[in-house]
Amino acid sequence: NREITQEELAQSNGSEGRPAFVAVNGTVYDMTQIIQWAGGTHFGQYAGKDLSNEFAICHKGAVDILNKLPKVGILKQ
């Protein structure tokens with residue numbers, strides 16, 4: 001698995017043609033082609049961040065959602 005640094009994640013915020021990456025529980029997902037993440041935002045959340053807590057609150061027990069998303073790599077700690 002490719003390691004994604006915090007800096008790479010922050011730069012992948014979906015703006016100015018950049019990809020939209022989001023980290024959840026240590027895995028980095030590519031949301032670029034997900035229509036709900038157009039422009040790097042989704043219900044007040046922004047790509048380029050670790051959204052583990054936000055995902056847990058909004059999608060309790062919804063591991064199946066994560067399994068359907070394209071994985072980029074793992075977030076380097």
# chains A, B, ... in the order shown; residues from 1 in each chain; ligands from 1
call {"tool": "closest_atom_pairs", "arguments": {"of": "region 37-66 of chain A", "to": "region 22-29 of chain A", "cutoff": "6 Å", "atoms": "only C-alpha atoms", "output": "Markdown table"}}
result
| residue | atom | partner | partner_atom | distance |
| --- | --- | --- | --- | --- |
| A:Ala47 | CA | A:Val22 | CA | 5.3 |
| A:Gly48 | CA | A:Val22 | CA | 5.6 |
| A:Lys49 | CA | A:Val22 | CA | 5.6 |
| A:Asp50 | CA | A:Ala23 | CA | 4.4 |
| A:Leu51 | CA | A:Val24 | CA | 5.6 |
| A:Ser52 | CA | A:Val24 | CA | 4.3 |
call {"tool": "residues_around", "arguments": {"residues": "Gln77 (chain A)", "least_positions_apart": "2", "cutoff": "10 Å", "atoms": "only C-alpha atoms", "output": "PyMOL selection string"}}
result
chain A and resi 3-6+26+74-75
call {"tool": "residues_around", "arguments": {"residues": "Lys68 (chain A)", "least_positions_apart": "6", "cutoff": "12 Å", "atoms": "only C-alpha atoms", "output": "number ranges by chain"}}
result
A: 29-31, 34, 62
call {"tool": "select_by_dssp", "arguments": {"residues": "chain A", "states": "strand (DSSP E or B)", "output": "list in words"}}
result
Glu3, Ile4, Asn13, Ala20, Phe21, Val22, Ala23, Val24, Thr27, Val28, Tyr29, Asp30, Thr41, His42, Gln45, Tyr46, Lys49, Asp50, Lys71, Val72, Gly73, Ile74 and Leu75 of chain A
call {"tool": "atom_distance", "arguments": {"atom1": "CA of Val72 (chain A)", "atom2": "CA of Ala38 (chain A)"}}
result
17.9 Å
call {"tool": "residues_around", "arguments": {"residues": "Glu16 (chain A)", "least_positions_apart": "4", "cutoff": "10 Å", "atoms": "only C-alpha atoms", "output": "list in words"}}
result
Ser12, Gly39 and Gly40 of chain A
call {"tool": "atom_distance", "arguments": {"atom1": "CA of Arg18 (chain A)", "atom2": "CA of Pro70 (chain A)"}}
result
16.0 Å
call {"tool": "select_by_dssp", "arguments": {"residues": "chain A", "states": "helix (DSSP H, G or I)", "output": "PyMOL selection string"}}
result
chain A and resi 6-11+35-40+52-58+63-67
call {"tool": "write_last_selection", "arguments": {"atoms": "C-alpha atoms", "output": "compact mmCIF listing (two decimals), in the first residue's frame"}}
result
# COMPACT_ATOMS: atom_id res chain seq x y z
CA GLN A 6 -0.51 14.50 5.90
CA GLU A 7 0.84 17.07 3.45
CA GLU A 8 -0.21 15.02 0.41
CA LEU A 9 -3.63 14.50 1.93
CA ALA A 10 -4.04 18.23 2.59
CA GLN A 11 -3.08 19.07 -1.00
CA ILE A 35 -20.69 13.04 -7.39
CA GLN A 36 -21.59 13.78 -3.75
CA TRP A 37 -18.01 15.07 -3.29
CA ALA A 38 -18.04 17.44 -6.29
CA GLY A 39 -15.59 20.28 -5.71
CA GLY A 40 -14.09 18.48 -2.70
CA SER A 52 -12.65 9.35 10.75
CA ASN A 53 -14.72 10.93 13.52
CA GLU A 54 -17.14 12.59 11.11
CA PHE A 55 -17.67 9.35 9.21
CA ALA A 56 -18.33 7.43 12.42
CA ILE A 57 -20.96 9.98 13.47
CA CYS A 58 -22.73 10.18 10.10
CA VAL A 63 -18.35 -0.28 6.61
CA ASP A 64 -19.99 -1.33 3.33
CA ILE A 65 -19.78 2.31 2.16
CA LEU A 66 -16.01 2.32 2.65
CA ASN A 67 -15.62 -1.02 0.87
call {"tool": "atom_distance", "arguments": {"atom1": "CA of Gln45 (chain A)", "atom2": "CA of Lys71 (chain A)"}}
result
18.8 Å
call {"tool": "decode", "arguments": {"residues": "region 3-53 of chain A", "atoms": "N, CA and C atoms", "output": "compact mmCIF listing (two decimals), in the first residue's frame"}}
result
# COMPACT_ATOMS: atom_id res chain seq x y z
N GLU A 3 1.93 4.88 0.99
CA GLU A 3 1.76 5.75 2.16
C GLU A 3 1.50 7.17 1.70
N ILE A 4 0.45 7.79 2.24
CA ILE A 4 0.08 9.17 1.93
C ILE A 4 0.42 10.00 3.16
N THR A 5 1.24 11.03 2.97
CA THR A 5 1.58 11.90 4.10
C THR A 5 0.43 12.87 4.38
N GLN A 6 0.48 13.48 5.54
CA GLN A 6 -0.51 14.50 5.90
C GLN A 6 -0.49 15.64 4.89
N GLU A 7 0.70 15.99 4.42
CA GLU A 7 0.84 17.07 3.45
C GLU A 7 0.19 16.71 2.12
N GLU A 8 0.42 15.47 1.65
CA GLU A 8 -0.21 15.02 0.41
C GLU A 8 -1.73 15.00 0.54
N LEU A 9 -2.19 14.54 1.69
CA LEU A 9 -3.63 14.50 1.93
C LEU A 9 -4.20 15.91 1.88
N ALA A 10 -3.56 16.85 2.55
CA ALA A 10 -4.04 18.23 2.59
C ALA A 10 -4.07 18.85 1.20
N GLN A 11 -3.11 18.52 0.36
CA GLN A 11 -3.08 19.07 -1.00
C GLN A 11 -4.15 18.45 -1.89
N SER A 12 -4.61 17.27 -1.55
CA SER A 12 -5.62 16.57 -2.36
C SER A 12 -7.01 16.94 -1.85
N ASN A 13 -7.34 18.22 -1.99
CA ASN A 13 -8.58 18.74 -1.42
C ASN A 13 -9.69 18.97 -2.44
N GLY A 14 -9.45 18.54 -3.69
CA GLY A 14 -10.48 18.64 -4.71
C GLY A 14 -10.62 20.00 -5.36
N SER A 15 -9.79 20.95 -4.99
CA SER A 15 -9.89 22.29 -5.59
C SER A 15 -8.90 22.42 -6.75
N GLU A 16 -9.20 23.32 -7.66
CA GLU A 16 -8.32 23.65 -8.79
C GLU A 16 -7.85 22.42 -9.56
N GLY A 17 -8.75 21.45 -9.76
CA GLY A 17 -8.43 20.26 -10.53
C GLY A 17 -7.67 19.18 -9.79
N ARG A 18 -7.41 19.40 -8.50
CA ARG A 18 -6.70 18.39 -7.70
C ARG A 18 -7.66 17.24 -7.35
N PRO A 19 -7.09 16.06 -7.07
CA PRO A 19 -7.95 14.97 -6.62
C PRO A 19 -8.52 15.29 -5.23
N ALA A 20 -9.60 14.61 -4.89
CA ALA A 20 -10.24 14.80 -3.58
C ALA A 20 -10.04 13.52 -2.77
N PHE A 21 -9.07 13.56 -1.84
CA PHE A 21 -8.77 12.43 -0.98
C PHE A 21 -9.32 12.68 0.41
N VAL A 22 -9.79 11.60 1.04
CA VAL A 22 -10.29 11.65 2.41
C VAL A 22 -9.74 10.44 3.15
N ALA A 23 -9.26 10.65 4.37
CA ALA A 23 -8.79 9.54 5.19
C ALA A 23 -9.87 9.15 6.19
N VAL A 24 -10.08 7.84 6.33
CA VAL A 24 -11.00 7.31 7.34
C VAL A 24 -10.34 6.08 7.95
N ASN A 25 -10.12 6.12 9.24
CA ASN A 25 -9.53 5.00 9.98
C ASN A 25 -8.21 4.53 9.38
N GLY A 26 -7.37 5.49 8.95
CA GLY A 26 -6.05 5.16 8.45
C GLY A 26 -5.96 4.83 6.98
N THR A 27 -7.08 4.69 6.31
CA THR A 27 -7.09 4.42 4.88
C THR A 27 -7.47 5.69 4.14
N VAL A 28 -6.79 5.95 3.02
CA VAL A 28 -7.08 7.13 2.21
C VAL A 28 -7.90 6.70 1.01
N TYR A 29 -9.02 7.38 0.81
CA TYR A 29 -9.95 7.08 -0.27
C TYR A 29 -9.97 8.23 -1.28
N ASP A 30 -10.16 7.89 -2.56
CA ASP A 30 -10.26 8.89 -3.62
C ASP A 30 -11.73 9.17 -3.89
N MET A 31 -12.17 10.39 -3.55
CA MET A 31 -13.56 10.78 -3.71
C MET A 31 -13.78 11.62 -4.98
N THR A 32 -12.74 11.76 -5.79
CA THR A 32 -12.77 12.64 -6.94
C THR A 32 -13.95 12.37 -7.87
N GLN A 33 -14.26 11.13 -8.13
CA GLN A 33 -15.33 10.78 -9.07
C GLN A 33 -16.68 10.54 -8.39
N ILE A 34 -16.75 10.73 -7.07
CA ILE A 34 -17.99 10.55 -6.34
C ILE A 34 -18.78 11.85 -6.45
N ILE A 35 -19.93 11.82 -7.11
CA ILE A 35 -20.69 13.04 -7.39
C ILE A 35 -21.03 13.81 -6.11
N GLN A 36 -21.26 13.11 -5.01
CA GLN A 36 -21.59 13.78 -3.75
C GLN A 36 -20.41 14.58 -3.20
N TRP A 37 -19.22 14.36 -3.73
CA TRP A 37 -18.01 15.07 -3.29
C TRP A 37 -17.54 16.06 -4.35
N ALA A 38 -18.42 16.49 -5.24
CA ALA A 38 -18.04 17.44 -6.29
C ALA A 38 -17.41 18.69 -5.68
N GLY A 39 -16.28 19.10 -6.21
CA GLY A 39 -15.59 20.28 -5.71
C GLY A 39 -14.87 20.05 -4.40
N GLY A 40 -14.83 18.79 -3.93
CA GLY A 40 -14.09 18.48 -2.70
C GLY A 40 -14.86 18.72 -1.42
N THR A 41 -16.19 18.91 -1.52
CA THR A 41 -16.99 19.09 -0.31
C THR A 41 -18.18 18.14 -0.31
N HIS A 42 -18.65 17.81 0.89
CA HIS A 42 -19.78 16.91 1.05
C HIS A 42 -20.45 17.23 2.39
N PHE A 43 -21.63 17.80 2.35
CA PHE A 43 -22.39 18.14 3.56
C PHE A 43 -21.53 18.88 4.60
N GLY A 44 -20.80 19.88 4.14
CA GLY A 44 -20.01 20.69 5.05
C GLY A 44 -18.66 20.11 5.43
N GLN A 45 -18.32 18.94 4.89
CA GLN A 45 -17.02 18.33 5.14
C GLN A 45 -16.14 18.60 3.93
N TYR A 46 -14.84 18.69 4.14
CA TYR A 46 -13.91 19.02 3.08
C TYR A 46 -12.90 17.92 2.86
N ALA A 47 -12.62 17.63 1.60
CA ALA A 47 -11.59 16.66 1.25
C ALA A 47 -10.23 17.21 1.67
N GLY A 48 -9.25 16.32 1.72
CA GLY A 48 -7.91 16.70 2.13
C GLY A 48 -7.69 16.57 3.62
N LYS A 49 -8.61 15.88 4.29
CA LYS A 49 -8.55 15.75 5.75
C LYS A 49 -8.81 14.32 6.20
N ASP A 50 -8.48 14.07 7.45
CA ASP A 50 -8.86 12.82 8.11
C ASP A 50 -10.25 13.04 8.69
N LEU A 51 -11.22 12.33 8.14
CA LEU A 51 -12.62 12.49 8.57
C LEU A 51 -13.14 11.24 9.30
N SER A 52 -12.26 10.57 10.03
CA SER A 52 -12.65 9.35 10.75
C SER A 52 -13.80 9.61 11.72
N ASN A 53 -13.67 10.64 12.54
CA ASN A 53 -14.72 10.93 13.52
C ASN A 53 -16.02 11.32 12.85
